[in-house]
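Asks: File name work.cif; file contents mmCIF, C-alpha atoms; full text below.
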```cif
data_model
loop_
_atom_site.label_atom_id
_atom_site.label_comp_id
_atom_site.auth_asym_id
_atom_site.auth_seq_id
_atom_site.Cartn_x
_atom_site.Cartn_y
_atom_site.Cartn_z
CA MET I 18 10.84 165.42 237.94
CA ARG I 19 14.03 166.56 236.30
CA LEU I 20 13.95 166.52 232.52
CA LYS I 21 16.92 166.41 230.20
CA MET I 22 17.06 169.33 227.83
CA ARG I 23 17.99 168.97 224.20
CA PRO I 24 20.52 171.65 223.23
CA VAL I 25 20.88 170.41 219.66
CA ALA I 26 17.25 171.11 218.95
CA ILE I 27 17.51 174.45 220.69
CA MET I 28 20.61 175.55 218.79
CA SER I 29 18.95 174.59 215.53
CA ALA I 30 16.27 177.15 216.27
CA ARG I 31 18.87 179.90 215.95
CA GLY I 32 19.06 179.50 212.20
CA THR I 33 16.94 182.40 211.02
CA GLY I 34 16.99 184.83 208.16
CA ILE I 35 19.57 184.32 205.42
CA ARG I 36 21.12 181.31 207.22
CA ASN I 37 17.96 179.35 206.45
CA LEU I 38 18.37 180.11 202.74
CA VAL I 39 22.16 179.69 202.34
CA PRO I 40 24.07 176.79 203.97
CA ALA I 41 26.66 177.89 206.52
CA PRO I 42 29.69 176.49 204.60
CA VAL I 43 28.65 178.30 201.42
CA LEU I 44 28.07 181.53 203.35
CA ASP I 45 31.46 181.29 205.09
CA ALA I 46 33.23 180.60 201.80
CA GLY I 47 31.56 183.61 200.21
CA ILE I 48 32.55 185.88 203.10
CA ALA I 49 36.16 184.63 203.06
CA ILE I 50 36.55 185.09 199.29
CA ALA I 51 34.93 188.53 199.38
CA ILE I 52 37.22 189.76 202.18
CA ALA I 53 40.27 188.27 200.41
CA VAL I 54 39.38 190.03 197.14
CA LEU I 55 38.78 193.31 198.95
CA GLY I 56 42.12 192.97 200.78
CA VAL I 57 44.05 192.34 197.58
CA ALA I 58 42.25 195.19 195.85
CA SER I 59 43.07 197.45 198.81
CA GLY I 60 46.75 196.48 198.52
CA PHE I 61 46.95 197.27 194.82
CA GLY I 62 45.01 200.48 195.41
CA GLY I 63 47.50 201.53 198.06
CA ARG I 64 50.41 200.95 195.69
CA ALA I 65 48.62 202.96 193.00
CA GLN I 66 48.27 205.85 195.46
CA HIS I 67 51.97 205.57 196.35
CA GLU I 68 51.29 204.32 199.87
CA HIS I 69 53.87 202.13 201.54
CA MET I 70 52.60 198.70 200.42
CA PRO I 71 55.33 196.11 199.74
CA LEU I 72 54.48 193.65 197.00
CA ALA I 73 54.91 190.76 199.46
CA ALA I 74 52.16 192.24 201.65
CA ILE I 75 49.46 191.85 198.99
CA PRO I 76 49.38 188.00 199.14
CA LEU I 77 49.13 188.28 202.95
CA LEU I 78 46.00 190.40 202.58
CA GLY I 79 44.48 187.72 200.38
CA LEU I 80 45.50 184.88 202.71
CA MET I 81 44.11 186.82 205.65
CA GLY I 82 40.66 186.76 204.04
CA LEU I 83 40.84 183.09 203.01
CA ALA I 84 41.90 182.11 206.52
CA LEU I 85 38.44 183.17 207.73
CA TYR I 86 36.67 180.20 206.13
CA PRO I 87 36.86 177.82 209.17
CA ARG I 88 36.06 180.62 211.66
CA ARG I 89 33.01 178.77 213.11
CA ARG I 90 34.81 175.49 213.82
CA PHE I 91 38.26 176.86 214.74
CA PRO I 92 37.75 180.46 215.92
CA ALA I 93 40.91 180.50 218.08
CA ALA I 94 43.13 179.21 215.26
CA VAL I 95 41.66 181.71 212.78
CA LEU I 96 42.19 184.59 215.22
CA ALA I 97 45.79 183.51 215.80
CA ALA I 98 46.47 183.26 212.05
CA VAL I 99 44.99 186.69 211.36
CA ALA I 100 46.96 188.21 214.26
CA ALA I 101 50.18 186.66 212.96
CA MET I 102 49.59 188.09 209.48
CA VAL I 103 48.79 191.53 210.95
CA ALA I 104 52.08 191.34 212.87
CA ALA I 105 53.85 190.49 209.61
CA LEU I 106 52.26 193.52 207.92
CA VAL I 107 53.34 195.70 210.82
CA ALA I 108 56.88 194.36 210.49
CA MET I 109 56.82 195.29 206.78
CA ARG I 110 55.47 198.74 207.75
CA ALA I 111 52.66 198.16 205.27
CA ASN I 112 49.37 200.04 205.34
CA LEU I 113 46.88 198.04 207.45
CA GLY I 114 43.74 199.38 205.77
CA GLY I 115 43.34 196.22 203.70
CA SER I 116 43.37 194.01 206.82
CA PHE I 117 40.64 195.93 208.60
CA LEU I 118 37.68 193.68 207.58
CA ALA I 119 39.60 190.47 208.24
CA VAL I 120 40.54 191.64 211.75
CA LEU I 121 36.92 192.62 212.52
CA CYS I 122 35.53 189.31 211.24
CA ALA I 123 38.13 187.20 213.12
CA CYS I 124 37.57 188.99 216.44
CA TYR I 125 33.81 188.86 216.07
CA SER I 126 33.86 185.13 215.25
CA ALA I 127 36.20 184.38 218.16
CA ALA I 128 33.81 186.14 220.56
CA VAL I 129 30.68 184.42 219.21
CA TYR I 130 31.94 180.90 218.46
CA GLY I 131 34.93 180.62 220.79
CA SER I 132 35.30 178.70 224.01
CA ARG I 133 34.72 180.25 227.40
CA ARG I 134 38.46 180.69 227.98
CA LEU I 135 38.89 182.41 224.60
CA VAL I 136 35.94 184.69 225.28
CA ILE I 137 37.37 185.70 228.65
CA GLY I 138 40.75 186.44 227.03
CA LEU I 139 39.13 188.51 224.28
CA PHE I 140 37.07 190.48 226.77
CA SER I 141 40.12 191.17 228.92
CA GLY I 142 42.17 192.19 225.87
CA ALA I 143 39.43 194.44 224.56
CA VAL I 144 39.01 196.22 227.88
CA ALA I 145 42.80 196.58 228.25
CA ALA I 146 43.09 198.01 224.73
CA VAL I 147 40.43 200.61 225.47
CA LEU I 148 41.92 201.54 228.86
CA LEU I 149 45.63 201.49 227.92
CA ILE I 150 45.48 202.69 224.35
CA GLY I 151 42.18 204.25 223.42
CA ILE I 152 41.75 206.53 226.41
CA PRO I 153 45.40 207.78 226.51
CA GLN I 154 45.29 208.49 222.79
CA ALA I 155 42.06 210.42 223.20
CA PHE I 156 43.78 212.68 225.76
CA GLY I 157 47.02 212.98 223.77
CA PHE I 158 49.16 210.69 225.93
CA GLY I 159 51.30 207.75 224.94
CA GLY I 160 53.95 209.33 222.74
CA ASP I 161 56.25 206.97 220.87
CA VAL I 162 54.66 203.76 222.23
CA ILE I 163 51.27 204.65 220.80
CA ARG I 164 52.80 205.67 217.46
CA ALA I 165 54.71 202.38 217.26
CA ILE I 166 51.63 200.12 217.39
CA PRO I 167 48.57 199.93 215.07
CA VAL I 168 46.16 201.72 217.38
CA PRO I 169 43.17 201.91 214.99
CA THR I 170 43.41 198.20 214.20
CA ILE I 171 43.63 197.21 217.87
CA LEU I 172 40.72 199.42 218.84
CA ALA I 173 38.67 198.09 215.93
CA ALA I 174 39.49 194.54 217.04
CA ALA I 175 38.45 195.38 220.61
CA GLY I 176 35.18 196.88 219.37
CA ALA I 177 34.44 193.86 217.21
CA ALA I 178 35.17 191.53 220.14
CA LEU I 179 32.87 193.49 222.46
CA PHE I 180 30.17 193.52 219.81
CA GLY I 181 30.56 189.75 219.36
CA LEU I 182 30.28 189.23 223.11
CA LEU I 183 27.07 191.25 223.10
CA ILE I 184 25.66 189.13 220.28
CA LYS I 185 26.70 185.94 222.08
CA SER I 186 24.96 187.08 225.26
CA GLN I 187 21.80 187.62 223.22
CA PHE I 188 22.18 184.12 221.77
CA SER I 189 22.65 182.74 225.27
CA ALA I 190 19.53 184.47 226.55
CA ARG I 191 17.56 183.17 223.59
CA SER I 192 18.94 179.67 224.11
CA ALA I 193 17.93 179.80 227.78
CA ALA I 194 14.42 180.90 226.84
CA LEU I 195 14.16 178.13 224.25
CA ALA I 196 15.50 175.66 226.79
CA VAL I 197 12.78 176.69 229.25
CA LEU I 198 10.13 176.33 226.55
CA ALA I 199 11.50 172.93 225.56
CA GLU I 200 11.54 171.79 229.18
CA ARG I 201 7.98 172.97 229.70
CA ALA I 202 6.82 171.20 226.54
CA GLU I 203 8.55 167.99 227.63
CA TRP I 204 7.11 168.32 231.12
CA ALA I 205 3.62 168.81 229.66
CA SER I 206 4.12 165.76 227.43
CA ALA I 207 5.27 163.71 230.43
CA GLN I 208 2.23 164.90 232.39
CA ARG I 209 -0.10 163.85 229.56
CA GLU I 210 1.56 160.44 229.42
CA GLU I 211 1.25 160.07 233.19
CA GLU I 212 -2.44 161.06 233.10
CA ALA I 213 -3.05 158.57 230.29
CA ARG I 214 -1.26 155.87 232.33
CA ARG I 215 -3.36 156.66 235.38
CA ALA I 216 -6.55 156.61 233.31
CA THR I 217 -5.58 153.22 231.89
CA LEU I 218 -4.83 151.89 235.37
CA ALA I 219 -8.12 153.22 236.71
CA GLU I 220 -10.00 151.56 233.86
CA ARG I 221 -8.23 148.26 234.53
CA LEU I 222 -9.15 148.48 238.21
CA ARG I 223 -12.76 149.25 237.29
CA ILE I 224 -12.94 146.24 234.97
CA ALA I 225 -11.33 144.06 237.65
CA ARG I 226 -13.96 145.16 240.17
CA GLU I 227 -16.77 144.41 237.73
CA LEU I 228 -15.35 140.98 236.93
CA HIS I 229 -15.10 140.22 240.64
CA ASP I 230 -18.69 141.32 241.27
CA ILE I 231 -20.02 139.31 238.34
CA ILE I 232 -18.08 136.11 239.00
CA ALA I 233 -18.18 136.10 242.80
CA HIS I 234 -21.91 136.74 243.02
CA HIS I 235 -23.18 134.38 240.34
CA VAL I 236 -20.75 131.55 241.05
CA SER I 237 -21.53 131.73 244.77
CA VAL I 238 -25.27 131.48 244.02
CA ILE I 239 -24.60 128.54 241.68
CA VAL I 240 -22.56 126.74 244.36
CA ILE I 241 -25.28 127.20 246.99
CA GLN I 242 -28.06 126.05 244.64
CA ALA I 243 -26.05 123.07 243.41
CA GLN I 244 -25.35 121.98 246.99
CA GLY I 245 -29.02 122.29 247.80
CA ALA I 246 -30.01 120.26 244.76
CA GLN I 247 -27.61 117.48 245.76
CA ARG I 248 -29.07 117.31 249.26
CA VAL I 249 -32.73 117.07 248.20
CA ALA I 250 -32.31 115.11 244.94
CA GLY I 251 -33.28 111.79 246.55
CA ARG I 252 -36.12 113.07 248.75
CA GLU I 253 -37.62 115.93 246.68
CA PRO I 254 -36.67 115.53 243.02
CA ASP I 255 -39.02 118.32 241.88
CA ARG I 256 -37.30 120.77 244.22
CA ALA I 257 -33.91 119.60 242.97
CA VAL I 258 -35.02 120.17 239.38
CA ARG I 259 -36.12 123.71 240.25
CA ALA I 260 -32.79 124.35 241.93
CA MET I 261 -30.90 123.15 238.87
CA ALA I 262 -33.10 125.35 236.67
CA ASP I 263 -32.09 128.26 238.87
CA VAL I 264 -28.46 127.19 238.43
CA GLU I 265 -28.91 127.26 234.66
CA SER I 266 -30.58 130.68 234.78
CA THR I 267 -27.87 132.11 237.04
CA ALA I 268 -25.11 130.70 234.83
CA ARG I 269 -26.72 132.17 231.71
CA THR I 270 -26.93 135.56 233.41
CA ALA I 271 -23.27 135.34 234.40
CA LEU I 272 -22.26 134.42 230.85
CA GLU I 273 -24.28 137.33 229.46
CA GLU I 274 -22.67 139.82 231.81
CA MET I 275 -19.25 138.40 231.05
CA ARG I 276 -19.95 138.75 227.32
CA ARG I 277 -20.84 142.40 227.79
CA MET I 278 -17.75 143.02 229.92
CA LEU I 279 -15.42 141.40 227.38
CA GLY I 280 -17.14 143.37 224.64
CA LEU I 281 -15.79 146.53 226.26
CA LEU I 282 -12.25 145.29 225.63
CA ARG I 283 -12.75 144.84 221.89
CA PRO I 284 -12.02 147.63 219.40
CA PRO I 285 -15.06 149.38 217.90
CA GLY I 286 -16.42 147.50 214.90
CA GLU I 287 -15.31 144.08 216.14
CA VAL I 288 -18.17 143.51 218.56
CA ASP I 289 -20.95 141.28 217.33
CA GLY I 290 -24.23 142.99 217.89
CA ASP I 291 -24.79 145.90 220.25
CA THR I 292 -22.30 146.40 223.03
CA VAL I 293 -23.50 147.61 226.41
CA ASP I 294 -21.65 148.20 229.63
CA SER I 295 -21.09 145.33 232.04
CA ASP I 296 -23.25 147.15 234.56
CA THR I 297 -26.21 147.20 232.16
CA GLU I 298 -28.88 144.71 231.21
CA ALA I 299 -30.64 144.55 227.85
CA VAL I 300 -34.21 145.70 228.30
CA GLY I 301 -36.16 145.94 225.08
CA GLY I 302 -32.88 146.16 223.10
CA LEU I 303 -31.58 149.09 225.15
CA GLY I 304 -28.76 149.11 227.68
CA VAL I 305 -30.29 150.07 231.03
CA ALA I 306 -27.86 150.58 233.92
CA ARG I 307 -28.14 148.46 237.00
CA GLY I 308 -29.44 150.59 239.83
CA ILE I 309 -31.77 150.98 242.77
CA ALA I 310 -34.75 149.79 240.73
CA ASP I 311 -33.06 146.39 240.31
CA LEU I 312 -32.78 145.72 244.03
CA GLY I 313 -36.14 143.90 244.00
CA ALA I 314 -34.95 141.47 241.33
CA LEU I 315 -31.71 140.97 243.25
CA ALA I 316 -33.68 140.21 246.41
CA ALA I 317 -35.80 137.68 244.50
CA THR I 318 -32.69 135.93 243.19
CA MET I 319 -31.13 135.70 246.64
CA THR I 320 -34.41 134.50 248.14
CA ALA I 321 -34.61 131.74 245.56
CA ALA I 322 -31.05 130.77 246.48
CA GLY I 323 -32.02 130.31 250.14
CA LEU I 324 -31.51 133.75 251.73
CA PRO I 325 -34.82 135.59 252.31
CA VAL I 326 -34.24 139.30 251.63
CA THR I 327 -36.36 142.30 252.54
CA VAL I 328 -35.92 145.64 250.75
CA ARG I 329 -36.99 148.64 252.84
CA THR I 330 -36.78 152.40 252.30
CA THR I 331 -37.23 155.37 254.60
CA GLY I 332 -37.52 159.01 253.68
CA GLU I 333 -38.81 160.46 250.44
CA PRO I 334 -37.11 158.76 247.47
CA TYR I 335 -35.41 161.08 245.01
CA PRO I 336 -33.59 160.44 241.73
CA VAL I 337 -29.87 159.73 242.00
CA ALA I 338 -27.05 159.77 239.48
CA GLU I 339 -26.47 156.59 237.50
CA GLU I 340 -23.11 155.89 239.14
CA VAL I 341 -24.71 156.21 242.59
CA GLY I 342 -27.43 153.73 241.66
CA LEU I 343 -24.84 151.33 240.27
CA THR I 344 -22.77 151.58 243.46
CA VAL I 345 -25.85 150.90 245.62
CA TYR I 346 -26.66 147.83 243.53
CA ARG I 347 -23.11 146.42 243.53
CA ILE I 348 -22.59 146.94 247.27
CA SER I 349 -25.95 145.31 247.99
CA GLN I 350 -25.11 142.43 245.64
CA GLU I 351 -21.73 141.81 247.28
CA ALA I 352 -23.07 142.10 250.82
CA LEU I 353 -25.95 139.69 250.12
CA THR I 354 -23.59 137.26 248.38
CA ASN I 355 -21.36 137.26 251.47
CA ALA I 356 -24.39 136.68 253.68
CA LEU I 357 -25.50 133.80 251.47
CA LYS I 358 -22.05 132.20 251.78
CA HIS I 359 -21.31 132.84 255.45
CA ALA I 360 -24.48 133.63 257.44
CA GLY I 361 -25.92 130.10 257.44
CA ARG I 362 -29.70 129.94 257.95
CA ALA I 363 -30.49 133.64 258.13
CA ARG I 364 -32.60 136.48 256.83
CA ALA I 365 -31.24 139.69 255.34
CA GLU I 366 -32.50 143.23 254.91
CA VAL I 367 -31.49 145.97 252.47
CA HIS I 368 -32.37 149.40 253.85
CA LEU I 369 -32.19 152.62 251.84
CA GLY I 370 -32.36 155.85 253.85
CA TYR I 371 -33.07 158.96 251.76
CA GLY I 372 -31.82 162.09 253.48
CA GLU I 373 -29.16 164.67 252.76
CA ASP I 374 -27.03 161.66 251.80
CA LEU I 375 -28.15 158.27 250.62
CA GLU I 376 -27.53 155.66 253.33
CA LEU I 377 -27.41 151.99 252.39
CA THR I 378 -27.46 149.33 255.13
CA VAL I 379 -27.39 145.60 254.47
CA THR I 380 -27.82 143.43 257.57
CA ASP I 381 -28.37 139.76 258.30
CA ASP I 382 -29.17 137.83 261.49
CA GLY I 383 -26.94 134.85 260.80
CA ARG I 384 -23.70 133.71 262.35
CA GLY I 385 -21.40 135.77 260.10
CA ALA I 386 -18.02 134.48 258.98
CA ALA I 387 -18.17 131.61 261.48
CA ALA I 388 -20.65 129.79 259.23
CA GLY I 389 -18.52 129.61 256.08
CA LEU I 390 -19.16 127.13 253.31
CA THR I 391 -17.56 123.74 253.41
CA GLY I 392 -15.10 122.99 250.63
CA PRO I 393 -12.96 125.35 248.59
CA ALA I 394 -13.57 129.07 248.84
CA ALA I 395 -15.60 130.68 246.09
CA PRO I 396 -13.73 132.68 243.44
CA GLY I 397 -12.90 136.17 244.56
CA ALA I 398 -13.24 135.40 248.25
CA GLY I 399 -11.65 137.99 250.49
CA ARG I 400 -11.73 140.84 247.97
CA GLY I 401 -15.39 141.82 248.25
CA THR I 402 -15.05 144.16 251.23
CA THR I 403 -12.17 145.98 249.59
CA GLY I 404 -14.17 146.39 246.39
CA MET I 405 -17.19 147.76 248.26
CA ARG I 406 -15.00 150.24 250.14
CA GLU I 407 -13.38 151.40 246.89
CA ARG I 408 -16.75 151.89 245.22
CA ALA I 409 -17.97 154.08 248.07
CA ALA I 410 -14.71 156.05 248.18
CA MET I 411 -14.88 156.79 244.44
CA LEU I 412 -18.08 158.76 245.08
CA GLY I 413 -16.69 160.51 248.16
CA GLY I 414 -18.68 158.34 250.55
CA THR I 415 -17.88 156.28 253.61
CA PHE I 416 -18.07 152.53 254.20
CA THR I 417 -18.06 150.29 257.26
CA ALA I 418 -18.56 146.56 257.67
CA GLY I 419 -18.48 144.28 260.69
CA PRO I 420 -20.41 142.06 263.11
CA ARG I 421 -23.45 143.48 264.88
CA ALA I 422 -23.66 143.59 268.65
CA GLY I 423 -26.84 141.50 268.74
CA GLY I 424 -25.59 138.95 266.22
CA GLY I 425 -25.31 138.89 262.49
CA TYR I 426 -23.36 141.18 260.19
CA GLN I 427 -23.86 144.70 258.91
CA VAL I 428 -22.57 146.56 255.84
CA ARG I 429 -23.17 150.31 255.78
CA ALA I 430 -22.35 152.86 253.08
CA THR I 431 -23.12 156.58 253.03
CA LEU I 432 -23.07 158.14 249.56
CA PRO I 433 -23.26 161.91 248.88
CA CYS I 434 -26.01 162.70 246.38
CA GLN I 435 -26.91 165.66 244.24
CA HIS I 436 -30.65 165.50 244.00
CA ASP I 437 -31.52 165.32 240.30
CA SER I 438 -34.74 166.78 238.96
CA GLY I 439 -35.73 163.67 236.99
CA PRO I 440 -38.41 161.15 237.95
CA ALA I 441 -38.01 159.46 241.29
CA VAL I 442 -36.59 155.97 241.49
CA PRO I 443 -39.38 153.48 242.17
CA ALA I 444 -39.17 152.54 245.83
CA GLN I 445 -40.18 149.27 247.39
CA ARG I 446 -41.44 149.72 250.94
CA GLU I 447 -41.46 146.83 253.44
CA SER I 448 -41.60 144.30 250.56
CA GLU I 449 -40.22 140.82 251.25
CA GLN I 450 -39.23 138.56 248.40
CA HIS I 451 -40.01 134.87 248.92
#
```
For the file at hand, write its structure as structure tokens.
Replies:
Amino acid sequence: MRLKMRPVAIMSARGTGIRNLVPAPVLDAGIAIAIAVLGVASGFGGRAQHEHMPLAAIPLLGLMGLALYPRRRFPAAVLAAVAAMVAALVAMRANLGGSFLAVLCACYSAAVYGSRRLVIGLFSGAVAAVLLIGIPQAFGFGGDVIRAIPVPTILAAAGAALFGLLIKSQFSARSAALAVLAERAEWASAQREEEARRATLAERLRIARELHDIIAHHVSVIVIQAQGAQRVAGREPDRAVRAMADVESTARTALEEMRRMLGLLRPPGEVDGDTVDSDTEAVGGLGVARGIADLGALAATMTAAGLPVTVRTTGEPYPVAEEVGLTVYRISQEALTNALKHAGRARAEVHLGYGEDLELTVTDDGRGAAAGLTGPAAPGAGRGTTGMRERAAMLGGTFTAGPRAGGGYQVRATLPCQHDSGPAVPAQRESEQH
């Protein structure tokens, strides 16, 4: 992921020290006025000491200082103006001592604030001045050419330019470091946003799975019981009444679980009464998670709906984490609901094998998908197997589902377990619910 850096924010971090206390325009105006005053004073001082200082040169020294005011915005123009005024002073054969500070400030500003082309020109000029003027003068070479040009001023300008380039390189290094920090901060912010988005998506998927499990299971049971009540209403009215009572009970349970699920979506403080998770049932006012201990009640519900269910365990039962128990319950619920819808007249078995991993097997001896319900498909049809596979995968387990060789259908899930030290989950051995 390539992030766009923000140079404006980075450059603003450069303002340290006195520049945070005094605005840049005020500071530049103060520097320009001070250098102009010093230049004029130097001119009058030179005349007082009988140095060659034409009267016309004194205003140039003042203008040279004032010309420095826009040095940040127009460094090339300021440098050109100062150079032109120095050339005028040289033509007047005036003493250049009063222009020294203006030349230093203009060259420094051009190196720090100038464009890349100007910086390259300054660097080349500074190096050439040192090589062609400074070194020959140091060894006594140059003769009349060296005496005809302002050597000290040129060397001072070259030094100021080199110093400015050094400062600019430091600024560049600092800007690069700040840019890296800014990019890292933006990358970290983007990562946090992406993690939050993924967490939100995962929560939506979890809620969608729970809604599917609640609606598909209970509505399927209601459909089966309602069909049965219609068939026996004329012959066995008492049995039809019991079936419709079961329909009412199943519908109430579905509404209660839906209420709890929707309560999760409300902000805190807006939920009427206590809110518990959709995978919990209120027992004595407390939210108790659905789990392995509820398989007996699930088997009784399915048996009442017309699918006799046996719950069997092998191995020594041990406590499992809450999410493992919930996954076992939901996979068993979905598998039994599918058997109720598609197996026809059949019997089903839920087998829990306690070993290094917890193995859950739900089998039936019916005709499988070939014995589907008549009429429209129940809500959520076709998504149950995917939901069971996702539940097992979330815990690092495996899942398989398909017809058995001898007839019927089998759902098998293997779930890794860390054996907790709490009390063992009550097991139900070879118990058939009728």
Asks: So what does the PyMOL selection byres ((chain I and resi 240-256) around 9) actually pick up in this one, as an MDAnalysis selection string?
Replies: chainID I and resid 235:239 257:261 263:264 321:323 357:358 390 395
Asks: Quick one, how far is CA of Thr402 (chain I) from CA of Thr415 (chain I)?
Replies: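 Pair CA of Thr402 (chain I) / CA of Thr415 (chain I) returns 12.7 Å.
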Asks: Between I:Asp230, I:Ala216, I:Ala271, I:Ala422, which one has atoms that come closest to Leu343 (chain I), using all atoms listed in the file?
Replies: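 Of I:Asp230, I:Ala216, I:Ala271, I:Ala422, the one nearest Leu343 (chain I) is I:Asp230, counting all atoms listed in the file.
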Asks: What does the structure give for the distance between CA of Thr217 (chain I) and CA of Ala409 (chain I), in Å to one decimal?
Replies: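 Here the two named atoms are 20.4 Å from each other.
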Asks: Care to translate the PyMOL selection byres ((chain I and resi 93-97) around 8) into actual residues of this file, as a count of residues only?
Replies: 15
Asks: Suppose you want the space between CA of Thr267 (chain I) and CA of Gly342 (chain I); what is it in Å?
Replies: 22.1 Å
Asks: Counting only C-alpha atoms, which residues come within 12 Å of (-24.8, 141.5, 263.9), with the point read in the file's coordinates, and could you list them as a ChimeraX atom specification?
Replies: /I:356,360,363-366,379-386,418-428
Asks: Taking into account all atoms listed in the file, which residue in the set I:Arg362, I:Arg89, I:Arg269, I:His368 is nearest to Ala316 (chain I)?
Replies: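 With all atoms listed in the file as the atom set, the closest residue is I:His368.
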Asks: Given the file shown, enumerate the residues that the PyMOL selection byres ((chain I and resi 83) around 8) captures and present them as number ranges by chain.
Replies: I: 49-50, 52-53, 79-82, 84-86
